[in-house]
Structures are given as structure tokens and as C-alpha cells.
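upload_35.txt follows (compact mmCIF, C-alpha atoms):
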# COMPACT_ATOMS: atom_id res chain seq x y z
CA MET C 24 0.00 0.00 0.00
CA LEU C 25 1.04 3.65 0.00
CA CYS C 26 4.06 4.69 2.01
CA PRO C 27 2.57 6.26 5.18
CA ASP C 28 5.22 9.00 5.15
CA ALA C 29 3.86 10.20 1.81
CA LEU C 30 0.34 10.80 3.10
CA PRO C 31 -0.76 14.11 4.64
CA SER C 32 -2.44 14.62 7.99
CA PRO C 33 -5.31 15.08 8.54
CA LEU C 34 -6.59 12.55 6.01
CA TRP C 35 -10.01 11.08 5.22
CA VAL C 36 -10.49 7.41 4.37
CA LEU C 37 -13.56 7.44 2.11
CA GLY C 38 -15.29 4.70 0.15
CA THR C 39 -17.32 4.20 -2.99
CA GLY C 40 -19.98 2.56 -0.82
CA THR C 41 -20.66 0.43 2.25
CA GLY C 42 -18.60 -2.73 2.65
CA VAL C 43 -15.59 -1.73 0.56
CA GLY C 44 -13.15 -1.96 3.47
CA LYS C 45 -12.71 1.63 4.66
CA THR C 46 -12.11 0.49 8.23
CA GLN C 47 -9.58 -2.13 7.13
CA VAL C 48 -7.62 0.54 5.25
CA ALA C 49 -7.95 3.00 8.14
CA ALA C 50 -6.57 0.39 10.54
CA ARG C 51 -3.58 -0.31 8.32
CA LEU C 52 -2.81 3.36 7.86
CA ALA C 53 -3.26 4.17 11.55
CA ARG C 54 -0.92 1.36 12.60
CA ALA C 55 1.68 2.40 10.05
CA TRP C 56 1.46 6.00 11.24
CA ALA C 57 1.66 4.90 14.88
CA GLY C 58 5.19 3.72 14.17
CA LEU C 59 6.05 7.34 13.42
CA GLY C 60 4.23 9.03 16.31
CA PRO C 61 0.84 9.43 17.99
CA VAL C 62 -2.30 8.98 15.88
CA ALA C 63 -5.90 10.04 16.43
CA TYR C 64 -8.53 8.03 14.54
CA ARG C 65 -11.81 9.92 14.33
CA LYS C 66 -15.17 8.53 13.24
CA PRO C 67 -17.64 11.43 13.18
CA PHE C 68 -20.68 9.29 12.27
CA GLN C 69 -21.11 5.68 13.36
CA THR C 70 -24.34 3.76 12.84
CA GLY C 71 -25.38 0.30 13.99
CA VAL C 72 -23.95 0.67 17.52
CA ASP C 73 -25.19 2.09 20.81
CA ARG C 74 -21.85 2.91 22.42
CA ALA C 75 -18.28 3.73 21.38
CA GLU C 76 -16.95 0.54 23.04
CA HIS C 77 -19.34 -1.70 21.11
CA PRO C 78 -17.38 -4.62 19.58
CA GLU C 79 -18.91 -3.84 16.16
CA ALA C 80 -17.85 -0.19 16.25
CA ASP C 81 -15.24 0.66 13.65
CA ALA C 82 -12.98 2.11 16.35
CA ALA C 83 -12.58 -1.37 17.84
CA ALA C 84 -10.94 -2.58 14.61
CA VAL C 85 -8.54 0.37 14.49
CA ARG C 86 -7.54 0.60 18.14
CA GLY C 87 -3.92 -0.24 18.92
CA PRO C 88 -0.71 1.01 20.55
CA GLY C 89 -0.15 4.70 19.92
CA ILE C 90 -3.65 5.15 18.41
CA ILE C 91 -6.41 7.15 20.09
CA THR C 92 -9.83 6.18 18.72
CA GLU C 93 -12.70 8.66 18.95
CA SER C 94 -16.35 8.49 17.90
CA HIS C 95 -18.71 11.48 17.83
CA ILE C 96 -22.29 10.71 16.74
CA LEU C 97 -23.48 7.18 17.49
CA LEU C 98 -26.77 5.87 16.07
CA LYS C 99 -28.30 2.49 16.86
CA ALA C 100 -29.84 1.45 13.54
CA PRO C 101 -27.50 0.09 10.81
CA LEU C 102 -28.74 2.68 8.32
CA ALA C 103 -27.57 5.90 6.74
CA PRO C 104 -27.11 8.57 9.45
CA LEU C 105 -30.20 10.54 8.41
CA ALA C 106 -32.44 7.45 8.41
CA ALA C 107 -30.99 6.18 11.70
CA ALA C 108 -31.38 9.60 13.33
CA GLN C 109 -35.00 9.87 12.20
CA LEU C 110 -35.78 6.54 13.87
CA GLU C 111 -34.43 7.97 17.13
CA GLY C 112 -36.19 11.31 16.71
CA ARG C 113 -32.84 13.09 16.51
CA SER C 114 -31.49 15.91 14.38
CA LEU C 115 -27.73 15.79 13.84
CA ASP C 116 -25.70 18.92 14.59
CA LEU C 117 -23.42 18.96 11.55
CA GLU C 118 -21.64 22.17 12.54
CA ALA C 119 -20.65 20.62 15.87
CA ALA C 120 -19.50 17.50 14.03
CA ALA C 121 -17.28 19.62 11.78
CA ARG C 122 -15.73 21.35 14.78
CA TRP C 123 -15.17 17.96 16.41
CA CYS C 124 -13.29 16.72 13.34
CA GLN C 125 -11.05 19.79 13.28
CA ARG C 126 -9.90 19.74 16.90
CA PRO C 127 -6.10 20.09 17.19
CA PHE C 128 -4.01 17.05 18.01
CA GLU C 129 -0.29 16.64 18.65
CA GLY C 130 0.21 13.99 16.02
CA ARG C 131 -1.42 12.61 12.88
CA VAL C 132 -5.19 12.59 12.41
CA LEU C 133 -7.04 9.96 10.37
CA LEU C 134 -10.78 10.34 9.76
CA GLU C 135 -13.12 7.69 8.40
CA GLY C 136 -16.26 8.48 6.46
CA VAL C 137 -19.59 6.67 6.67
CA GLY C 138 -21.00 4.61 3.80
CA GLY C 139 -20.57 6.12 0.35
CA LEU C 140 -19.90 9.72 -0.56
CA LEU C 141 -23.51 10.82 -0.97
CA VAL C 142 -24.92 9.11 2.11
CA PRO C 143 -27.51 11.48 3.67
CA LEU C 144 -26.62 13.08 6.99
CA ALA C 145 -29.49 15.56 7.26
CA PRO C 146 -32.37 16.72 5.05
CA ARG C 147 -30.85 17.99 1.79
CA THR C 148 -27.27 17.43 3.08
CA HIS C 149 -25.18 14.41 2.17
CA PHE C 150 -21.72 13.51 3.46
CA LEU C 151 -19.79 14.95 0.52
CA ALA C 152 -21.50 18.34 0.73
CA TRP C 153 -20.78 18.50 4.46
CA ALA C 154 -17.18 17.26 4.37
CA THR C 155 -16.04 19.41 1.43
CA ASP C 156 -15.96 22.52 3.61
CA LEU C 157 -13.41 20.88 5.92
CA LYS C 158 -10.85 20.92 3.07
CA ILE C 159 -9.15 17.68 4.14
CA PRO C 160 -7.62 15.39 1.48
CA CYS C 161 -8.59 11.74 1.16
CA VAL C 162 -7.85 8.27 -0.06
CA LEU C 163 -10.74 6.56 -1.85
CA VAL C 164 -11.35 2.85 -1.18
CA ALA C 165 -13.20 0.73 -3.73
CA LEU C 166 -14.00 -2.93 -4.41
CA GLY C 167 -11.75 -4.92 -6.71
CA GLY C 168 -14.20 -6.62 -9.06
CA LEU C 169 -17.22 -6.19 -11.29
CA GLY C 170 -18.88 -2.80 -10.96
CA THR C 171 -15.91 -1.07 -9.38
CA LEU C 172 -14.96 0.85 -12.54
CA ASN C 173 -18.30 2.66 -12.66
CA HIS C 174 -18.52 3.23 -8.90
CA THR C 175 -14.94 4.41 -8.62
CA LEU C 176 -15.11 6.79 -11.57
CA LEU C 177 -18.41 8.27 -10.35
CA SER C 178 -17.00 8.75 -6.84
CA ALA C 179 -13.70 10.20 -8.01
CA GLU C 180 -15.48 12.58 -10.36
CA ALA C 181 -17.81 13.73 -7.58
CA LEU C 182 -14.79 14.44 -5.36
CA MET C 183 -12.79 16.21 -8.05
CA LEU C 184 -15.72 18.39 -9.13
CA ARG C 185 -15.88 19.69 -5.56
CA GLY C 186 -12.16 20.39 -5.46
CA TRP C 187 -11.03 17.47 -3.32
CA ARG C 188 -7.43 16.34 -3.28
CA ILE C 189 -7.45 12.55 -3.72
CA GLU C 190 -4.12 11.11 -2.60
CA ALA C 191 -4.84 7.67 -4.08
CA VAL C 192 -7.54 5.23 -5.12
CA LEU C 193 -7.17 1.87 -3.36
CA LEU C 194 -8.88 -1.21 -4.78
CA ASN C 195 -9.64 -3.77 -2.10
CA PRO C 196 -10.15 -7.22 -3.67
CA GLY C 197 -10.44 -8.82 -0.24
CA ALA C 198 -13.76 -7.07 0.34
CA ASP C 199 -15.54 -8.77 -2.57
CA GLY C 200 -13.42 -11.89 -3.11
CA THR C 201 -11.94 -10.67 -6.37
CA SER C 202 -8.73 -12.30 -7.55
CA PRO C 203 -5.63 -10.08 -7.45
CA GLU C 204 -5.30 -10.46 -11.22
CA VAL C 205 -8.80 -9.10 -11.89
CA ALA C 206 -8.30 -6.27 -9.41
CA GLU C 207 -5.03 -5.32 -11.07
CA GLN C 208 -6.70 -5.28 -14.48
CA ASN C 209 -9.37 -2.95 -13.14
CA ALA C 210 -6.65 -0.77 -11.61
CA THR C 211 -4.94 -0.60 -15.01
CA VAL C 212 -8.17 0.61 -16.62
CA LEU C 213 -8.71 3.22 -13.89
CA ARG C 214 -5.18 4.55 -14.35
CA GLY C 215 -6.17 5.49 -17.87
CA PHE C 216 -9.00 7.67 -16.56
CA LEU C 217 -7.77 9.13 -13.27
CA PRO C 218 -4.90 11.54 -12.55
CA MET C 219 -4.06 10.15 -9.10
CA ARG C 220 -2.35 6.92 -8.04
CA VAL C 221 -4.43 3.74 -8.26
CA GLU C 222 -3.22 0.76 -6.25
CA VAL C 223 -4.46 -2.70 -5.35
CA ILE C 224 -4.37 -3.58 -1.65
CA GLU C 225 -2.55 -6.84 -1.00
Would you mind writing the file's structure down as C-alpha cells?
Amino acid sequence: MLCPDALPSPLWVLGTGTGVGKTQVAARLARAWAGLGPVAYRKPFQTGVDRAEHPEADAAAVRGPGIITESHILLKAPLAPLAAAQLEGRSLDLEAAARWCQRPFEGRVLLEGVGGLLVPLAPRTHFLAWATDLKIPCVLVALGGLGTLNHTLLSAEALMLRGWRIEAVLLNPGADGTSPEVAEQNATVLRGFLPMRVEVIE
């Protein structure tokens, strides 16, 4: 995967959708960074859990020596944040969430998104619209196999049209059982369309 020294902090780990392996990539990056100094992993929106220490919370998969894991908004239902919040009769304070993400830290900061880029957070506000104002670069995680070309190009285009700096696109064949050879072929195709690095996660 990418050399951790080459990646900026703070950094978002974003995905083309749910189940592409964002947390797996975040854990690998956080542990690599932890060898260089303290790391804060921040998950501003977490659904499907009722507490930060829940074994299914993404922070549990990232936690390790030298890594502080933090969660902000927790929602019980395993749905998009807006849908999960509506079930609980809640309205999410997105301005407070933005301030929470931007708190200073004496070390590197890694943030993980929720679902895909356009997942709704509030009425008429999806994740990408909210996160763009934070002006934090990202890596984009995608599946390795069939369908990933379309999903990855759509997601990368949405990011670039809003002025995002994409450090790399990472295809994750382990998330959908794709063979490394197929994932590498898809990466080769994507390299012909995208200006940033495209790599296959081993």
C-alpha cells in the first residue's frame, strides 16, 4: 500500500460505498502512522452501535498502541445517518461534528467516512456536501471486481468536481473476493481515466 510517510495529515479514508473496506484501510494506515508518532482516529458518524466501546464499532478494529480512537455521533440502527437519526427522533448537529473533526491534536489525524460519498446526513445534506468545507484530502477505497470501474469513476469525479485532493484510489479485492489479477486489471483501466495513483491492496 502507500508509504505512510507520503500521506498528509489530517486525512479522510472514504469509500465508494458500504462494505468496501474503509475500516480495514484506516486500521492499516493508523498502525503504520503509529510507528512514526501518535495517531488520532476519528469517526464522526457511526451507525449500527449504541456505544463507542461496542465490539462492532469501527474504532474497535482500528484501536492499537499509539492510536487514540474517537467516535462522535453514534446511532443504533444500521442505516444511513439521516435514516438512523430519524428513527431515534434526533437531528444531527453537523456544525458541531465539523468542529469535532477539526480539533487540534499533537500527532497525525485519520478520519473515516460513513457509507458512500452521498450518504444522507441531514435533510438535503449528504456527506460529501458536508465534508467538502473541511478541506481535508482523502484516499478513496473501492472494491476490486465487477462494478468497481463505474462506482470508482463516479465517486472520483464527484470528489474532483468539488475540489477534493485525492491522494490515491485503493482497490480492495479482499472485500468482494476478487482475484488479485482481476483487481489489477481494473486498476490498469482506472489509471487510464484518473490523474491520481491507483493501487491494489494486498
What gap, in Å, lies between atom CA of C:Thr175 and atom CA of C:Asn195? 11.7 Å
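Among the candidate residues C:Leu117, C:Ala107, C:Leu133, C:Ala206, the one lying nearest to C:Ala53 is C:Leu133, with distances computed using only C-alpha atoms.
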So that I can check the surroundings of C:Ala80, please list as a list of chain:residue names every protein, DNA and RNA residue that reaches within 12 Å of it, counting all atoms listed in the file and ignoring chain neighbours fewer than 3 positions away.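 Those residues are C:Thr46, C:Arg65, C:Lys66, C:Phe68, C:Gln69, C:Thr70, C:Gly71, C:Val72, C:Asp73, C:Arg74, C:Ala75, C:Glu76, C:His77, C:Ala83, C:Ala84, C:Val85, C:Arg86, C:Thr92, C:Glu93, C:Ser94, C:His95, C:Ile96, C:Leu97, C:Leu98, C:Lys99, C:Pro101, C:Val137.
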Set the distance at 7 Å and use all atoms listed in the file: which residues neighbour C:Ile189 once local chain neighbours fewer than 6 positions away are removed? I'd like the list as a PyMOL selection string. chain C and resi 160-162+219
Atomic distance atom CA of C:Leu115 - atom CA of C:Ala165, expressed in Å with one decimal: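 Interatomic distance here is 27.3 Å.
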State, in Å with one decimal place, the distance from atom CA of C:Gln47 to atom CA of C:Trp35.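 Atom CA of C:Gln47 sits 13.4 Å away from atom CA of C:Trp35.
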C:Gly89: which residues within 8 Å, counting all atoms listed in the file, same-chain residues fewer than 6 positions away excluded, as a list in words?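 Returned residues: Ala57, Gly58, Gly60, Pro61 and Val62 of chain C.
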Contact check, stretch 50-146 of chain C to stretch 179-184 of chain C, at most 12 Å, counting all atoms listed in the file, closest pairs as CSV:
residue,atom,partner,partner_atom,distance
C:Gly139,CA,C:Ala181,CA,11.3
C:Leu140,CA,C:Ala181,CA,8.4
C:Leu141,CA,C:Ala181,CA,9.2
Write out N, CA and C atoms for stretch 60-80 of chain C, as a short mmCIF file (atom, residue, chain, number, x, y, z; two decimals), keeping the file's coordinate frame.
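As written to disk, part_36.cif reads:
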data_model
loop_
_atom_site.label_atom_id
_atom_site.label_comp_id
_atom_site.auth_asym_id
_atom_site.auth_seq_id
_atom_site.Cartn_x
_atom_site.Cartn_y
_atom_site.Cartn_z
N GLY C 60 4.67 8.09 15.29
CA GLY C 60 4.23 9.03 16.31
C GLY C 60 2.77 8.82 16.65
N PRO C 61 2.23 9.62 17.56
CA PRO C 61 0.84 9.43 17.99
C PRO C 61 -0.16 9.67 16.87
N VAL C 62 -1.26 8.91 16.91
CA VAL C 62 -2.30 8.98 15.88
C VAL C 62 -3.66 9.10 16.56
N ALA C 63 -4.50 9.96 16.02
CA ALA C 63 -5.90 10.04 16.43
C ALA C 63 -6.76 9.57 15.27
N TYR C 64 -7.54 8.52 15.51
CA TYR C 64 -8.53 8.03 14.54
C TYR C 64 -9.88 8.58 14.94
N ARG C 65 -10.53 9.29 14.02
CA ARG C 65 -11.81 9.92 14.33
C ARG C 65 -12.91 9.43 13.39
N LYS C 66 -14.00 9.00 13.98
CA LYS C 66 -15.17 8.53 13.24
C LYS C 66 -16.33 9.45 13.60
N PRO C 67 -16.61 10.47 12.79
CA PRO C 67 -17.64 11.43 13.18
C PRO C 67 -19.05 10.85 13.20
N PHE C 68 -19.34 9.89 12.33
CA PHE C 68 -20.68 9.29 12.27
C PHE C 68 -20.54 7.77 12.27
N GLN C 69 -21.14 7.13 13.26
CA GLN C 69 -21.11 5.68 13.36
C GLN C 69 -22.53 5.18 13.58
N THR C 70 -23.00 4.33 12.68
CA THR C 70 -24.34 3.76 12.84
C THR C 70 -24.24 2.26 13.15
N GLY C 71 -25.33 1.73 13.68
CA GLY C 71 -25.38 0.30 13.99
C GLY C 71 -24.81 -0.06 15.33
N VAL C 72 -24.49 0.93 16.17
CA VAL C 72 -23.95 0.67 17.52
C VAL C 72 -24.61 1.62 18.51
N ASP C 73 -24.59 1.24 19.79
CA ASP C 73 -25.19 2.09 20.81
C ASP C 73 -24.17 2.70 21.76
N ARG C 74 -22.90 2.35 21.57
CA ARG C 74 -21.85 2.91 22.42
C ARG C 74 -20.51 2.80 21.71
N ALA C 75 -19.58 3.68 22.06
CA ALA C 75 -18.28 3.73 21.38
C ALA C 75 -17.49 2.43 21.59
N GLU C 76 -17.71 1.76 22.73
CA GLU C 76 -16.95 0.54 23.04
C GLU C 76 -17.60 -0.71 22.46
N HIS C 77 -18.66 -0.55 21.70
CA HIS C 77 -19.34 -1.70 21.11
C HIS C 77 -18.36 -2.50 20.25
N PRO C 78 -18.35 -3.82 20.36
CA PRO C 78 -17.38 -4.62 19.58
C PRO C 78 -17.53 -4.47 18.07
N GLU C 79 -18.70 -4.03 17.59
CA GLU C 79 -18.91 -3.84 16.16
C GLU C 79 -18.58 -2.42 15.70
N ALA C 80 -18.22 -1.56 16.63
CA ALA C 80 -17.85 -0.19 16.25
C ALA C 80 -16.55 -0.22 15.47
#
